[in-house]
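A quick write-up on the structure given underneath.
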Amino acid sequence: MISSKQVLVSGGQFSQYNYNGQISLANRAPIDILTDAVAPSAFHDSGASFDKPKCHPRTRLKIREIIMRWIVGEDEDAQGGKPFMWLNGAAGCGKSAISQSIIESCIERDLPLASFFFSRTDSTRNHTGSLVATLAYQLYCAFPGTQGQTEILSAIQNDPLIFKKTLQRQITSLIIQPLKAHFLKDQTTQGRVPFVIVIDGLDECSDRTAQKAILTTLADSVRLSDFRIPIFIASRPERDIRLSFSSKHLKGVYTRLSLDLEDRDDTDSDIRLYFFDKFAEIKDDFNERTAGRKLVYDWPGDEIVERLVRKSSGQFIYAATVTRYVESTRHRPDHRLDVVLNLRPDNGDHPFAELDALYTMIFESVLNTEKVVHVLSLYFMDISISCSIIEELLSYDEGEVETLFCDMAALVQIYKPKDHFSRRDRMYDPEHSPSSLRILHASLGEYLLDAARSKQFHIDMDYHGIRHVNLVLQYLASCSSSSFKLYSNRVTPITVLASQYGRIGQVPIPLELRQTVLNFPLKEFLEPHTSDCHTYPGLLQYFVTPFLELLDAIAINDPTSSCMKDRQLEILRTLLMQQIQQYFNDDRLAAVLVLFYHLASHRFVPILQPLHIYHWHSTAFYLGYRDRDILSLSLIWSDSGLVFGDNIYHRYMRQLLHDPCPTAKYAVGPVMHARTVLACFKELARTVPLLTPAPQNNIDKVALATDDEEDDAYPNFLSVRGGEWQFEFEVWGPKLDDEGMHFLLLGYIIFLLPRCGRSDALVAACEEHDKMSYIEQPNGPFPVRRRLLRAEINDYKARASLPDYAGRSFGI
């Protein structure tokens, strides 16, 4: 046997091998070389997938029409010489389905085309190696027996290693030149779209440098041609692709369509239609095959569909994932839907496994996952917090948040809120608008907060929450008091602190946080704002409330810190008692203070809890001046969900009023009660003319009210919850209606009159009330409360005539 690097002789046979492949390729037919270089699974009609995504009928009609008008040259961008269209959007928003539907529309119109569907998980189509060959093969098939086919085969014949050359050389030789040769010879195609190229999932190309190369090479190649080739690109808005489209190569030659900026109402409408149609199909199919209990005709119902639409967040992948899970032929659809809605355990068959895999893949592509998770945990504490505040709290460099999320644009968007206004002219100020994060998938939060689903990317909010509380307090302690402001249109770190209200006592307080709280410069932080009626109430609500909760939790976990806790409480007490003077010096604010003092102690002074709204104030709001209620004593409900009766700050304030120190100048006594009742009488007179008489069919019931009845039956109701009286009511318009106000005012006066000192003005008010015509109406509203009030008025006038009244209450 004789051998060398180029020659092998064995058994009398002589064969020559060339290791660079030149000889073997030269002996192969060009069509064979072409087909070997193709990635068949990248075709739009590939048999590798039995469930090609495409738009559900009657959905995405508007966006599809825009794209088709651009392809056929009927819109201004196409006529203006823009051969590229870039459709971008979040992961799972339906880009591939739109691409598939556009291709089918082109086929229906007999438009020749070539497509390439990238896939990160398919090794044959997650790179550029097979891109041009796949497009060229489809071009070859689109024009059988033409000069175009001849040019493609000739280019490969002349250079068998063409697919190892640059993208520029491949595109020019195998796409641009064959098209030019074909259309120069075939004059019947003049005025028609010569060829359409669709590239879907460009972000799924694993080499980010190659992504840019594809775009710039296509742009340069098309620019050299003398005819228009519409090139449709669909991808997530990843950083490298965004930069490529803004480069000089593509500047001014592309149209951008963003599904993330699409009208949300339109998208939700499409997803709603999709759900209704798919659930109807699932129901009909199941009812035909089952011998057992069938699904009701309107399953699953409008309410469930609306809930699923909201959870979809405008992303079709959620809707598709839900319906694929529910339509399993091995299970009842209603049981599977219950699993999706967390009404039934999944038994290991998780409905969102596909979605979780997508989220995991994107997180795995991030360079610094630990920092990304840390930022997202802060975002979950306050979704409105700006990137600049996040960077300050976490000691990041300016602009670092945007860099961290540059590879997560498919899930998280950096944007400038359009509700930011310049403080000077109240006009929208995009230049100075702070950038913020926006999660594009509502289900991403569920994924990250569930350790079983997100595994190494899990966010433990108890752990992260306590860490962020410490960072917030350290940040606030370092702020200059003169520079700190709490604007209604600017989110500050204080709201992050407020988000932990109710959670603080549920987790251990680490030593570092204990030290931060107990050494926080409370006086220096609060005192500069005690006279600011705009900033101070917000500080009490968003800062003092969770701060008090922290102090309580620290004292429970570490009894040795009680002295330092008492020191902080004494500082707070001193500051708050300074504000009390305003309430004693103003008649209407006195009413706010007195009602707050007695709140929830009796059914006649209940907490007001409105139904179906998120922001409300007590009746004290109407009796006093809300803007002057600097201690927020009239606040009963807030956007952060702090209910009055359960608010630790308000409990602390009531404790101060009920148990003032011996040197306190002010106490809630008979004089304050008398001033409050006067305010209530004035408000009562305002509501009387607008009262609606009792319904005619209830007159007998009203007239039969006896002296034994404790209170009137009212459409709304009073209830005791946790030892505190609450009054729940529906809201009509901007405030409690006059009938409800009158009902409550009667109760206030009945309760407060026995606690009032002698007042000529109050005696006169009682006598004036006795003269009101509605008092004697047999069928008037609230007969029990009117009778009780008449009795209390008579008692008060009798006591007020005694010589020893001396401005005190009478035996209460």
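Each chain in the structure tokens gets a letter, A, B and so on, in the order shown; residues start at 1 in every chain, and ligands are counted from 1 in the order they appear.
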
10 Å contact set for A:Ile362, only C-alpha atoms, chain neighbours under 2 positions out, as a ChimeraX atom specification: /A:91,356-360,364-366,407-411

Which of stretch 171-401 of chain A counts as strand (DSSP E) under DSSP, as a count of residues only please? 15

Find the residue from A:Met461, A:Cys563, A:Met653, A:Leu440 that sits nearest to A:Leu575; use only C-alpha atoms when measuring. A:Met653

For a quick check of understanding, using only C-alpha atoms, which of A:Gly538, A:Pro178, A:Pro53, A:Pro510 has the smallest distance to A:Phe316?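 Of the candidates, the smallest distance to A:Phe316 is held by A:Pro53.
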